[in-house]
Structure formats: structure tokens, C-alpha cells
$ cat my_file-v3.cif   # mmCIF, C-alpha atoms
data_input
#
loop_
_atom_site.label_atom_id
_atom_site.label_comp_id
_atom_site.auth_asym_id
_atom_site.auth_seq_id
_atom_site.Cartn_x
_atom_site.Cartn_y
_atom_site.Cartn_z
CA MET U 78 0.00 0.00 0.00
CA ARG U 79 2.20 2.76 -1.13
CA SER U 80 2.14 6.31 -2.21
CA LEU U 81 5.23 6.37 -4.44
CA THR U 82 4.98 6.45 -8.21
CA ARG U 83 5.03 2.93 -9.64
CA SER U 84 6.07 1.51 -12.97
CA THR U 85 3.14 0.81 -15.27
CA VAL U 86 2.66 -2.04 -17.66
CA ALA U 87 0.66 -1.83 -20.88
CA VAL U 88 -2.23 -4.24 -21.14
CA ILE U 89 -2.03 -7.19 -23.47
CA ALA U 90 -3.10 -6.27 -26.98
CA SER U 91 -4.03 -9.76 -28.13
CA ALA U 92 -4.21 -13.30 -26.86
CA VAL U 93 -1.49 -15.73 -27.81
CA LEU U 94 -2.17 -18.96 -29.69
CA ALA U 95 -2.81 -22.20 -27.79
CA GLY U 96 -3.83 -20.39 -24.61
CA ALA U 97 -0.42 -18.92 -23.80
CA VAL U 98 -0.14 -15.29 -22.78
CA ALA U 99 2.73 -12.99 -23.61
CA CYS U 100 4.16 -11.56 -20.44
CA SER U 101 6.19 -8.80 -22.07
CA ALA U 102 4.40 -5.47 -22.27
CA THR U 103 3.00 -4.27 -25.59
CA ALA U 104 2.16 -0.76 -26.68
CA ALA U 105 -1.54 -0.13 -25.99
CA SER U 106 -3.78 2.83 -25.38
CA ALA U 107 -5.92 1.18 -22.71
CA PRO U 108 -5.33 2.14 -19.04
CA ALA U 109 -2.23 0.54 -17.60
CA ALA U 110 -1.86 -1.46 -14.42
CA GLY U 111 1.13 -1.18 -12.10
CA VAL U 112 3.13 -4.26 -11.20
CA ALA U 113 5.26 -4.38 -8.06
CA SER U 114 7.98 -6.59 -9.53
CA PRO U 115 9.30 -7.26 -13.05
CA ALA U 116 6.98 -9.51 -15.01
CA PRO U 117 8.27 -13.07 -14.61
CA THR U 118 8.17 -15.95 -17.01
CA VAL U 119 4.82 -17.69 -16.70
CA ALA U 120 3.64 -21.09 -17.81
CA VAL U 121 0.96 -21.62 -20.46
CA GLN U 122 -2.25 -20.05 -19.22
CA ARG U 123 -5.89 -20.81 -19.80
CA THR U 124 -7.67 -18.06 -21.68
CA ALA U 125 -11.25 -16.84 -21.41
CA GLY U 126 -13.88 -17.78 -23.94
CA GLU U 127 -17.06 -15.89 -24.75
CA ALA U 128 -19.18 -14.87 -21.76
CA ARG U 129 -22.85 -15.78 -21.63
CA THR U 130 -25.61 -14.93 -19.22
CA LEU U 131 -26.56 -17.91 -17.08
CA VAL U 132 -29.35 -16.17 -15.16
CA GLY U 133 -30.62 -12.60 -14.97
CA GLY U 134 -33.09 -10.56 -12.99
CA LEU U 135 -31.16 -10.75 -9.72
CA THR U 136 -30.67 -7.91 -7.24
CA VAL U 137 -27.08 -7.28 -6.19
CA PRO U 138 -25.77 -10.85 -6.12
CA TRP U 139 -22.67 -10.51 -3.97
CA SER U 140 -20.95 -13.87 -3.76
CA LEU U 141 -21.44 -17.51 -4.69
CA ALA U 142 -20.04 -20.87 -3.62
CA PHE U 143 -20.40 -24.25 -5.30
CA LEU U 144 -22.14 -27.22 -3.72
CA PRO U 145 -20.93 -30.78 -4.25
CA ASP U 146 -23.67 -31.41 -6.86
CA GLY U 147 -22.39 -28.60 -9.12
CA ALA U 148 -25.07 -26.04 -8.26
CA ALA U 149 -24.11 -22.83 -6.47
CA LEU U 150 -25.52 -20.93 -3.52
CA VAL U 151 -25.67 -17.20 -4.22
CA THR U 152 -26.09 -14.33 -1.74
CA GLU U 153 -28.11 -11.21 -2.57
CA ARG U 154 -26.79 -8.27 -0.59
CA ASN U 155 -29.95 -6.23 -0.11
CA SER U 156 -32.69 -8.89 -0.05
CA ALA U 157 -30.75 -11.23 2.30
CA ARG U 158 -31.90 -14.11 0.09
CA LEU U 159 -29.94 -17.25 -0.67
CA LEU U 160 -30.50 -18.57 -4.19
CA ARG U 161 -29.66 -21.98 -5.59
CA VAL U 162 -28.48 -21.70 -9.19
CA THR U 163 -27.84 -24.76 -11.33
CA PRO U 164 -25.51 -25.02 -14.34
CA ASP U 165 -28.55 -24.99 -16.66
CA GLY U 166 -29.59 -21.55 -15.36
CA THR U 167 -32.40 -22.59 -13.02
CA ALA U 168 -32.52 -20.24 -10.02
CA ARG U 169 -34.73 -20.58 -6.96
CA PRO U 170 -34.73 -18.99 -3.51
CA VAL U 171 -33.82 -21.48 -0.79
CA GLY U 172 -33.73 -19.24 2.28
CA THR U 173 -33.54 -15.75 3.77
CA VAL U 174 -30.90 -14.93 6.37
CA ALA U 175 -32.43 -13.39 9.47
CA GLY U 176 -30.82 -10.35 11.07
CA VAL U 177 -29.36 -8.81 7.93
CA LEU U 178 -29.63 -5.01 7.88
CA PRO U 179 -28.44 -3.79 4.47
CA ALA U 180 -27.20 -0.20 4.32
CA GLY U 181 -24.54 1.38 2.15
CA GLU U 182 -22.03 -1.35 1.30
CA GLY U 183 -23.34 -3.69 3.99
CA GLY U 184 -25.82 -6.55 3.83
CA LEU U 185 -25.58 -10.23 3.04
CA LEU U 186 -22.06 -10.58 1.66
CA GLY U 187 -19.69 -13.57 1.48
CA ILE U 188 -20.59 -17.24 1.46
CA ALA U 189 -18.55 -20.42 1.94
CA ILE U 190 -19.51 -24.10 1.88
CA SER U 191 -18.11 -26.41 4.53
CA PRO U 192 -15.45 -28.82 3.26
CA GLY U 193 -17.47 -31.47 5.09
CA TYR U 194 -20.79 -30.44 3.54
CA ALA U 195 -21.66 -33.99 2.53
CA THR U 196 -22.06 -34.86 6.20
CA ASP U 197 -22.53 -31.57 8.09
CA ARG U 198 -24.48 -29.59 5.41
CA ALA U 199 -22.99 -26.41 6.86
CA VAL U 200 -23.19 -23.10 4.99
CA TYR U 201 -21.27 -20.06 6.24
CA VAL U 202 -22.31 -16.49 5.47
CA TYR U 203 -20.92 -13.05 6.33
CA TYR U 204 -23.46 -10.31 6.95
CA THR U 205 -24.06 -6.85 8.38
CA GLY U 206 -26.43 -6.86 11.34
CA ALA U 207 -27.70 -4.34 13.86
CA ALA U 208 -24.45 -4.00 15.80
CA ASP U 209 -21.66 -5.52 13.74
CA ASN U 210 -20.55 -7.59 10.79
CA ARG U 211 -20.50 -11.27 11.62
CA VAL U 212 -20.01 -14.75 10.24
CA VAL U 213 -22.63 -17.37 11.06
CA ARG U 214 -23.14 -21.02 10.25
CA LEU U 215 -26.42 -22.19 8.75
CA THR U 216 -27.62 -25.69 7.94
CA ALA U 217 -29.07 -26.89 4.63
CA ALA U 218 -31.93 -29.36 4.71
CA PRO U 219 -31.94 -32.49 2.51
CA ASP U 220 -34.22 -30.69 0.03
CA GLY U 221 -31.64 -27.93 -0.37
CA THR U 222 -33.44 -25.23 1.59
CA VAL U 223 -31.39 -23.31 4.14
CA ASP U 224 -32.76 -22.28 7.53
CA GLY U 225 -31.68 -18.64 7.82
CA THR U 226 -33.19 -18.20 11.27
CA THR U 227 -31.23 -20.84 13.16
CA GLN U 228 -27.69 -19.51 13.25
CA ARG U 229 -24.52 -20.45 15.06
CA VAL U 230 -22.30 -17.39 15.44
CA VAL U 231 -18.75 -18.13 14.27
CA VAL U 232 -17.21 -14.63 14.39
CA SER U 233 -18.89 -11.51 15.77
CA GLY U 234 -17.74 -8.00 16.59
CA ILE U 235 -16.38 -7.12 13.15
CA PRO U 236 -16.89 -3.33 12.86
CA LYS U 237 -19.69 -2.21 10.53
CA GLY U 238 -20.17 1.01 8.60
CA THR U 239 -21.83 2.41 5.53
CA ILE U 240 -18.55 1.69 3.71
CA HIS U 241 -15.71 -0.86 3.95
CA ASN U 242 -17.56 -3.80 5.43
CA GLY U 243 -15.25 -6.35 3.81
CA GLY U 244 -17.04 -9.64 3.32
CA GLY U 245 -14.49 -12.05 1.83
CA LEU U 246 -15.17 -15.60 3.05
CA ALA U 247 -13.50 -18.84 1.97
CA PHE U 248 -12.15 -22.10 3.31
CA GLY U 249 -8.44 -22.45 2.67
CA PRO U 250 -6.60 -25.59 1.59
CA ASP U 251 -5.70 -26.08 5.27
CA GLY U 252 -9.38 -26.52 6.15
CA PHE U 253 -9.63 -23.28 8.12
CA LEU U 254 -12.04 -20.44 7.41
CA TYR U 255 -10.56 -17.14 6.18
CA VAL U 256 -12.48 -13.90 6.63
CA GLY U 257 -11.66 -10.62 4.86
CA THR U 258 -12.84 -7.59 6.83
CA GLY U 259 -12.94 -3.85 6.22
CA GLU U 260 -12.01 -1.05 8.58
CA ALA U 261 -15.52 0.44 8.27
CA GLY U 262 -14.11 3.79 7.18
CA ARG U 263 -12.25 4.31 10.47
CA GLY U 264 -8.68 4.10 9.14
CA ALA U 265 -6.33 3.80 12.10
CA PRO U 266 -7.87 0.69 13.74
CA ALA U 267 -6.63 -1.36 10.76
CA GLN U 268 -3.25 -1.17 12.57
CA ASP U 269 -4.71 -2.33 15.90
CA LYS U 270 -4.24 -6.10 16.15
CA ASN U 271 -6.95 -6.22 18.83
CA ASP U 272 -9.55 -4.76 16.44
CA LEU U 273 -11.17 -7.11 13.91
CA GLY U 274 -11.57 -4.40 11.26
CA GLY U 275 -9.11 -4.13 8.36
CA LYS U 276 -7.85 -7.69 8.82
CA ILE U 277 -7.77 -11.15 7.36
CA LEU U 278 -8.96 -13.57 10.03
CA ARG U 279 -8.25 -17.31 10.14
CA VAL U 280 -10.49 -19.43 12.34
CA THR U 281 -11.63 -23.00 12.84
CA PRO U 282 -15.09 -23.99 11.52
CA ASP U 283 -16.40 -23.24 15.02
CA GLY U 284 -14.79 -19.79 15.16
CA ALA U 285 -11.80 -20.39 17.45
CA PRO U 286 -8.43 -18.88 16.44
CA ALA U 287 -6.81 -21.36 14.08
CA PRO U 288 -3.70 -23.16 15.36
CA GLY U 289 -0.53 -21.40 14.28
CA ASN U 290 -2.07 -17.94 13.95
CA PRO U 291 0.70 -15.36 14.47
CA PHE U 292 -0.75 -13.50 17.47
CA GLY U 293 -2.71 -16.29 19.15
CA THR U 294 -5.96 -14.60 18.11
CA ALA U 295 -8.17 -14.82 15.02
CA VAL U 296 -6.03 -12.18 13.26
CA TYR U 297 -3.89 -13.57 10.43
CA SER U 298 -2.79 -10.33 8.72
CA TYR U 299 -3.54 -6.65 9.29
CA GLY U 300 -3.22 -3.15 7.85
CA HIS U 301 -5.96 -3.74 5.28
CA ARG U 302 -8.51 -1.21 4.08
CA ASN U 303 -11.25 -3.44 2.66
CA VAL U 304 -10.79 -7.09 1.69
CA GLN U 305 -13.47 -8.79 -0.42
CA GLY U 306 -11.56 -11.26 -2.61
CA LEU U 307 -9.56 -14.27 -1.34
CA ALA U 308 -7.94 -16.96 -3.51
CA TRP U 309 -5.19 -19.58 -3.28
CA ASP U 310 -2.84 -20.87 -5.96
CA PRO U 311 -1.97 -24.59 -6.23
CA ALA U 312 1.06 -24.08 -3.99
CA GLY U 313 -1.20 -22.81 -1.19
CA GLN U 314 -0.25 -19.12 -1.46
CA LEU U 315 -3.11 -16.85 -0.38
CA TYR U 316 -3.88 -13.69 -2.38
CA ALA U 317 -6.30 -10.90 -1.46
CA THR U 318 -7.81 -7.94 -3.27
CA GLU U 319 -7.68 -4.54 -1.61
CA PHE U 320 -9.67 -1.38 -2.26
CA GLY U 321 -7.41 1.66 -2.20
CA GLN U 322 -8.49 5.18 -1.39
CA ASN U 323 -7.85 7.58 -4.27
CA THR U 324 -4.69 6.32 -5.93
CA TYR U 325 -3.94 2.58 -5.79
CA ASP U 326 -6.02 -0.56 -5.58
CA GLU U 327 -4.05 -3.74 -4.91
CA ILE U 328 -3.52 -7.45 -5.03
CA ASN U 329 -1.51 -8.68 -2.06
CA ALA U 330 0.27 -11.97 -1.42
CA ILE U 331 -0.68 -12.71 2.17
CA THR U 332 1.84 -13.82 4.79
CA ALA U 333 0.89 -14.67 8.35
CA GLY U 334 1.50 -11.74 10.70
CA ALA U 335 2.33 -9.23 7.95
CA ASP U 336 1.27 -5.57 8.02
CA TYR U 337 -0.09 -4.37 4.66
CA GLY U 338 0.23 -0.73 5.56
CA TRP U 339 -3.18 0.90 5.68
CA PRO U 340 -3.66 3.73 6.60
CA LEU U 341 0.06 4.53 6.80
CA VAL U 342 0.54 4.09 3.06
CA GLU U 343 -1.54 3.43 -0.03
CA GLY U 344 0.08 1.36 -2.76
CA VAL U 345 3.85 0.82 -2.66
CA GLY U 346 5.42 2.42 0.37
CA ASN U 347 8.90 0.86 0.49
CA ARG U 348 8.77 1.18 4.27
CA GLN U 349 10.44 -1.19 6.66
CA GLY U 350 7.97 -3.41 8.45
CA LEU U 351 5.25 -3.01 5.82
CA THR U 352 4.48 -5.46 3.02
CA ASP U 353 4.11 -4.00 -0.46
CA PRO U 354 1.48 -5.26 -2.91
CA LEU U 355 2.22 -7.51 -5.85
CA LEU U 356 0.25 -5.30 -8.17
CA THR U 357 -1.62 -2.02 -8.17
CA TRP U 358 -4.23 -0.33 -10.35
CA THR U 359 -5.95 3.03 -10.23
CA PRO U 360 -9.46 2.83 -8.73
CA ALA U 361 -10.90 3.85 -12.12
CA GLU U 362 -9.39 0.69 -13.61
CA ALA U 363 -10.37 -1.66 -10.86
CA SER U 364 -12.05 -1.25 -7.47
CA PRO U 365 -11.34 -4.97 -7.12
CA SER U 366 -13.86 -7.18 -5.39
CA GLY U 367 -14.16 -10.95 -5.93
CA MET U 368 -11.20 -13.05 -7.04
CA ALA U 369 -10.58 -16.64 -8.09
CA TYR U 370 -7.61 -18.72 -9.14
CA ALA U 371 -7.92 -20.90 -12.26
CA GLY U 372 -5.66 -22.05 -15.07
CA GLY U 373 -2.50 -20.27 -13.97
CA SER U 374 -4.08 -16.86 -13.36
CA LEU U 375 -5.93 -14.81 -10.82
CA TRP U 376 -9.27 -13.49 -12.14
CA VAL U 377 -10.54 -10.32 -10.49
CA GLY U 378 -13.91 -8.60 -10.75
CA ALA U 379 -13.69 -4.82 -11.11
CA LEU U 380 -16.57 -2.65 -9.92
CA ARG U 381 -15.75 0.90 -10.93
CA GLY U 382 -13.45 -0.47 -13.65
CA ALA U 383 -16.35 -2.50 -15.13
CA ARG U 384 -14.13 -5.31 -16.39
CA LEU U 385 -12.65 -8.68 -15.51
CA TRP U 386 -8.90 -8.64 -14.89
CA ARG U 387 -6.81 -11.67 -15.72
CA VAL U 388 -3.51 -11.66 -13.83
CA PRO U 389 -1.04 -14.42 -14.85
CA LEU U 390 1.01 -15.76 -11.96
CA GLY U 391 4.75 -16.18 -12.40
CA GLU U 392 6.89 -19.14 -11.48
CA ASN U 393 8.83 -17.01 -8.97
CA GLY U 394 5.75 -15.78 -7.12
CA GLY U 395 5.40 -12.56 -9.12
CA VAL U 396 2.71 -11.57 -11.58
CA GLY U 397 2.72 -11.20 -15.34
CA THR U 398 1.02 -8.58 -17.46
CA PRO U 399 -2.62 -8.02 -16.43
CA GLN U 400 -5.20 -8.37 -19.21
CA PRO U 401 -8.56 -6.55 -19.08
CA LEU U 402 -11.56 -8.53 -20.35
CA LEU U 403 -15.26 -7.67 -20.83
CA GLN U 404 -14.36 -4.00 -20.51
CA GLY U 405 -17.62 -2.05 -20.28
CA GLU U 406 -19.68 -4.96 -21.64
CA TYR U 407 -21.58 -5.96 -18.49
CA GLY U 408 -21.01 -3.04 -16.14
CA ARG U 409 -19.80 -3.54 -12.59
CA LEU U 410 -18.40 -7.01 -11.91
CA ARG U 411 -18.17 -8.28 -8.34
CA GLY U 412 -18.12 -11.97 -7.45
CA VAL U 413 -15.71 -14.26 -9.33
CA THR U 414 -15.71 -18.01 -8.59
CA ALA U 415 -14.10 -20.85 -10.49
CA THR U 416 -16.07 -24.02 -11.07
CA PRO U 417 -14.71 -26.96 -9.05
CA ASP U 418 -13.02 -28.44 -12.13
CA GLY U 419 -11.51 -25.10 -13.13
CA SER U 420 -13.12 -25.16 -16.57
CA ALA U 421 -15.13 -21.95 -16.20
CA LEU U 422 -15.75 -18.86 -14.11
CA TRP U 423 -19.07 -17.72 -12.71
CA VAL U 424 -19.12 -13.93 -12.38
CA THR U 425 -21.79 -11.74 -10.77
CA THR U 426 -22.68 -8.24 -11.87
CA SER U 427 -23.44 -5.48 -9.37
CA ASN U 428 -25.33 -2.88 -11.39
CA ARG U 429 -28.29 -2.57 -9.01
CA ASP U 430 -26.14 -1.61 -6.04
CA GLY U 431 -26.88 2.12 -6.35
CA ARG U 432 -23.65 2.86 -8.21
CA GLY U 433 -24.26 1.18 -11.55
CA GLN U 434 -26.50 1.67 -14.55
CA PRO U 435 -28.63 -1.48 -14.66
CA GLY U 436 -29.95 -2.92 -17.88
CA ALA U 437 -33.08 -4.96 -18.37
CA ASP U 438 -31.32 -8.25 -17.54
CA ASP U 439 -29.42 -7.04 -14.47
CA ASP U 440 -28.20 -8.22 -12.21
CA ARG U 441 -26.77 -11.39 -13.77
CA ILE U 442 -24.54 -14.35 -13.31
CA LEU U 443 -22.21 -14.78 -16.26
CA VAL U 444 -20.45 -18.00 -17.25
CA ILE U 445 -17.04 -17.67 -18.89
CA PRO U 446 -15.42 -20.87 -20.21
CA LEU U 447 -11.65 -21.25 -19.81
CA THR U 448 -9.75 -22.96 -22.61
#

$ encode --input "my_file-v3.cif" --output "C-alpha cells"
Amino acid sequence: MRSLTRSTVAVIASAVLAGAVACSATAASAPAAGVASPAPTVAVQRTAGEARTLVGGLTVPWSLAFLPDGAALVTERNSARLLRVTPDGTARPVGTVAGVLPAGEGGLLGIAISPGYATDRAVYVYYTGAADNRVVRLTAAPDGTVDGTTQRVVVSGIPKGTIHNGGGLAFGPDGFLYVGTGEAGRGAPAQDKNDLGGKILRVTPDGAPAPGNPFGTAVYSYGHRNVQGLAWDPAGQLYATEFGQNTYDEINAITAGADYGWPLVEGVGNRQGLTDPLLTWTPAEASPSGMAYAGGSLWVGALRGARLWRVPLGENGGVGTPQPLLQGEYGRLRGVTATPDGSALWVTTSNRDGRGQPGADDDRILVIPLT
């Protein structure tokens, strides 16, 4: 998170044959994205095919998570509904989460499916309530409906606000639950390791601090402004998206116990004790929300930027040249989730969130095949 001028990299002008992506910059007139380290050599990448609308007529779908049968559970931020969406485009409400009080950027946000869903049928959601943001565990019935009234609180006391409510929620490859929070517009508490705002939390499925956490609490990393996207590469490296203030949005490689600088710096700070981002954009290019890993790249939904960013990962842990996709075609893009087999992305639009210009089919879930 730094305030110094960064090098910029021109976006890819064309895709390379056989799914490979050139990682050297090419001259282009599109907005550029900053990269924290020289673009490394990357392996052959999957590329995105043509997007299609799977289902429309939704209202601010925020996040989705796949069930073992291939369908997905989808959260709607303002209605507090959970929808079950199948690969053939059938969508039906299966529950409403009690206690959700949507306001500003808050409401029903992230969702994660228990790794043991086949036996425990547990569904985890992150929402804004009367006093805080919290993560609760719900239970799905055999018919697929979800009781949104019977809740087991997993994490409570996450600060709430009209802005920066975070909402990232995902189980990691270690089986623990990771929670991306926002600092609720308060700034300085992101540096307070006793405050749950502006953090990435790591907890057991019951909400206890996960073994090995750096401070003996739920806090895994700190100094964040607003974390909504969490994704892991095949080596188990965690990445997170970060909303900047006025200058730099970010992707960060997350290390246990690291300080990512907010509000001391925005973007690259080159300051001892602070961890610099892998990559930055201007907010006009990004405002990055959901993120998924698939086929050698990170895929990031951009809200204000109204595009899908494809960020190739390098063999040395760096990033290659970012490629903007769907620029301006579907408006604000938020949730990005890879199918369990990695063959496609499901992407939610967020044009009915009060900041977009919704069309007749909005909001939607898009399907993008990866080849």
C-alpha cells in the first residue's frame, strides 16, 4: 500500500495462440496497471472464452459458492436471500438470512460451503447486522433449503459502517475459514491487532483462532482497508484484493503476521515493516472485489473499472502482465468463482447496487469458459 509512483505495464493487446499469454508489455492505449515486480516468465495459461448470461433478474448478487452437486448458492446483498443456481440456469430462492440489515455497502455478503458439507451440510455467510458484521453457520436441509433463522455465530464484533464492510469468506486448503474484513471507514484501527476491522482472520469452523495464527488470536494479517476477494494458488499461497483510497487498488500476497500498511501508506510504500502489494491499479481501472484462481491466473472482478482482470502468476511468485476482459460490456463485476473443475468462471454483476446503470437483464450471473 504505497504512495510512491510505480512503474506501469501496458495491457495485453491480443491473446497468444494455444492459450499462452505474452508476459512482455506491448504498446496499448488502454489504461495501464502497475506491477510491483518485473513480469516473470509464466507457464501456459488458460484463456477466457465468450461470456454468456446464465441467469438474470437478480438484485445485487454478492458472492457464490459451489455445492458438491455442481449447483451454487448465491447471496443477494440487499434482499438477504440465498439462491440456488444450477448449471442450466435454473434459479430458486432457498432461504432468507435473518438479522441482515443492508445499508450502504453492507448486507448479506460472502458465502462459503463447509469442506465437510456432505455430512454436516454447513453453509457459512458473512453479513451486516444491527451492531456488527458477523459470520454465522447455517444448515441446509436435505431438500436444499437453508434455515436462515437458526444460526450459530462463528465470528462476531467485526466493525460495521456504511462503507468498507469487507465480506471475503473462503475455506483455505488447510481446512480453516478465512475472513476478509474492512475497517468500516475508520482508518487507524486497521493497525490495531486487537480490532477485527481491516484484517484477514483465520479461524476453525467453530470460530476459534486457528492453530498457528501469528498473534494467538483470530487475526492472520492486518493493515488492510477493505478485503473482499480471497484466492489460493496450487502451492497454497493466499492472495487478497484490496480497495485503495484515491490512488492505488491492490492485489496482495498474504503472509501470516504481515502488516499491509493501511492507513500509513496506499500502494507501494517501500517502508520497513510493511508489506508492499504484488500489483496495483488506479481505482478507475479496478475497485477490485471478488477473485478466483484458475488455469494459472488470478481473475478479479472490477466494480468501478467494469471489467474482468486476468492476472497471470509467475513461477517465482510474481505476476505477469494483467489483461482486461469484458471492458464495459456488463457493467460492474463483483463476485468471481471458479467451477470446481476449473473449466469456467461464474461472475456476478453489481449494477443494481446504487452505483451502476442497470440494464433490463441485471443483475446477472455470467459464465465464462476457460480454454

$ residues_around --input "my_file-v3.cif" --residues "Thr258 of chain U" --least-positions-apart "6" --cutoff "12 Å" --atoms "all atoms listed in the file" --output "ChimeraX atom specification"
/U:183,186-187,203-205,209-212,232-238,240-246,266-267,272-279,295-307,317-320

$ atom_distance --input "my_file-v3.cif" --atom1 "atom CA of Val342 of chain U" --atom2 "atom CA of Thr357 of chain U"
13.0 Å

$ closest_residue --input "my_file-v3.cif" --among "U:Leu185, U:Ala247, U:Ala208, U:Thr173" --to "Thr226 of chain U" --atoms "only C-alpha atoms"
U:Thr173

$ resolve_selection --input "my_file-v3.cif" --expression "the PyMOL selection byres ((chain U and resi 168) around 10)" --output "PyMOL selection string"
chain U and resi 131-133+135+148-151+160-167+169-171

$ closest_atom_pairs --input "my_file-v3.cif" --of "segment 121-239 of chain U" --to "segment 281-286 of chain U" --cutoff "10 Å" --atoms "all atoms listed in the file" --output "JSON lines"
{"residue": "U:Ser191", "atom": "CA", "partner": "U:Pro282", "partner_atom": "CA", "distance": 8.0}
{"residue": "U:Pro192", "atom": "CA", "partner": "U:Pro282", "partner_atom": "CA", "distance": 9.6}
{"residue": "U:Ala199", "atom": "CA", "partner": "U:Pro282", "partner_atom": "CA", "distance": 9.5}
{"residue": "U:Tyr201", "atom": "CA", "partner": "U:Pro282", "partner_atom": "CA", "distance": 9.0}
{"residue": "U:Val212", "atom": "CA", "partner": "U:Gly284", "partner_atom": "CA", "distance": 8.8}
{"residue": "U:Val213", "atom": "CA", "partner": "U:Gly284", "partner_atom": "CA", "distance": 9.2}
{"residue": "U:Arg214", "atom": "CA", "partner": "U:Asp283", "partner_atom": "CA", "distance": 8.6}
{"residue": "U:Arg229", "atom": "CA", "partner": "U:Asp283", "partner_atom": "CA", "distance": 8.6}
{"residue": "U:Val230", "atom": "CA", "partner": "U:Gly284", "partner_atom": "CA", "distance": 7.9}
{"residue": "U:Val231", "atom": "CA", "partner": "U:Gly284", "partner_atom": "CA", "distance": 4.4}
{"residue": "U:Val232", "atom": "CA", "partner": "U:Gly284", "partner_atom": "CA", "distance": 5.8}
{"residue": "U:Ser233", "atom": "CA", "partner": "U:Gly284", "partner_atom": "CA", "distance": 9.3}

$ closest_residue --input "my_file-v3.cif" --among "U:Glu406, U:Pro417, U:Trp376, U:Asp440" --to "Arg123 of chain U" --atoms "all atoms listed in the file"
U:Trp376

$ residues_near_point --input "my_file-v3.cif" --point "(0.5, -12.9, 2.2)" --cutoff "8 Å" --atoms "all atoms listed in the file" --output "list in words"
Ser298, Gln314, Leu315, Tyr316, Ala317, Asn329, Ala330, Ile331, Thr332, Ala333 and Ala335 of chain U

$ atom_distance --input "my_file-v3.cif" --atom1 "atom CA of Gln434 of chain U" --atom2 "atom CA of Gly408 of chain U"
7.4 Å

$ closest_residue --input "my_file-v3.cif" --among "U:Gly321, U:Gly252, U:Gly262, U:Gly257" --to "Ala287 of chain U" --atoms "all atoms listed in the file"
U:Gly252

$ resolve_selection --input "my_file-v3.cif" --expression "the PyMOL selection byres ((chain U and resi 430) around 10)" --output "list in words"
Thr136, Val137, Pro138, Trp139, Arg154, Asn155, Gly181, Glu182, Arg409, Thr426, Ser427, Asn428, Arg429, Gly431, Arg432, Gly433, Gln434, Pro435 and Asp440 of chain U

$ atom_distance --input "my_file-v3.cif" --atom1 "atom CA of Gly372 of chain U" --atom2 "atom CA of Ala415 of chain U"
9.7 Å

$ closest_residue --input "my_file-v3.cif" --among "U:Asn290, U:Thr448, U:Gln400, U:Ser374" --to "Ala421 of chain U" --atoms "all atoms listed in the file"
U:Thr448

$ axis_aligned_box --input "my_file-v3.cif" --around "segment 233-252 of chain U" --padding-each-side "8 Å" --output "JSON"
{"center_x": -13.8, "center_y": -12.1, "center_z": 9.1, "size_x": 32.1, "size_y": 44.9, "size_z": 31.0}

$ closest_residue --input "my_file-v3.cif" --among "U:Pro389, U:Ala189, U:Ala157, U:Trp309" --to "Val256 of chain U" --atoms "only C-alpha atoms"
U:Ala189

$ residues_around --input "my_file-v3.cif" --residues "Pro145 of chain U" --least-positions-apart "2" --cutoff "8 Å" --atoms "all atoms listed in the file" --output "number ranges by chain"
U: 143, 147-148, 194-195

$ closest_residue --input "my_file-v3.cif" --among "U:Leu144, U:Thr152, U:Gly346, U:Leu402" --to "Ile442 of chain U" --atoms "all atoms listed in the file"
U:Thr152

$ resolve_selection --input "my_file-v3.cif" --expression "the PyMOL selection byres ((chain U and resi 445) around 7)" --output "VMD selection string"
chain U and resid 125 to 129 421 to 423 443 to 444 446 to 447

$ decode --input "my_file-v3.cif" --residues "segment 129-133 of chain U" --atoms "all heavy atoms" --output "compact mmCIF listing (two decimals), in the first residue's frame"
# COMPACT_ATOMS: atom_id res chain seq x y z
N ARG U 129 -21.41 -15.69 -21.38
CA ARG U 129 -22.85 -15.78 -21.63
C ARG U 129 -23.58 -15.59 -20.31
O ARG U 129 -23.04 -15.86 -19.23
CB ARG U 129 -23.22 -17.13 -22.25
CG ARG U 129 -22.96 -18.33 -21.35
CD ARG U 129 -23.37 -19.64 -22.01
NE ARG U 129 -23.03 -20.80 -21.20
CZ ARG U 129 -23.82 -21.30 -20.25
NH1 ARG U 129 -25.01 -20.74 -20.00
NH2 ARG U 129 -23.45 -22.36 -19.55
N THR U 130 -24.80 -15.11 -20.41
CA THR U 130 -25.61 -14.93 -19.22
C THR U 130 -26.25 -16.25 -18.82
O THR U 130 -26.97 -16.88 -19.60
CB THR U 130 -26.71 -13.89 -19.47
OG1 THR U 130 -26.10 -12.62 -19.76
CG2 THR U 130 -27.61 -13.74 -18.25
N LEU U 131 -25.97 -16.69 -17.60
CA LEU U 131 -26.56 -17.91 -17.08
C LEU U 131 -27.95 -17.63 -16.52
O LEU U 131 -28.91 -18.37 -16.77
CB LEU U 131 -25.67 -18.51 -15.98
CG LEU U 131 -26.17 -19.78 -15.31
CD1 LEU U 131 -26.22 -20.93 -16.31
CD2 LEU U 131 -25.32 -20.14 -14.10
N VAL U 132 -28.07 -16.56 -15.75
CA VAL U 132 -29.35 -16.17 -15.16
C VAL U 132 -29.34 -14.66 -14.97
O VAL U 132 -28.30 -14.06 -14.70
CB VAL U 132 -29.58 -16.91 -13.82
CG1 VAL U 132 -28.52 -16.57 -12.80
CG2 VAL U 132 -30.96 -16.62 -13.25
N GLY U 133 -30.48 -14.03 -15.16
CA GLY U 133 -30.62 -12.60 -14.97
C GLY U 133 -31.73 -12.28 -14.00
O GLY U 133 -32.34 -13.17 -13.39
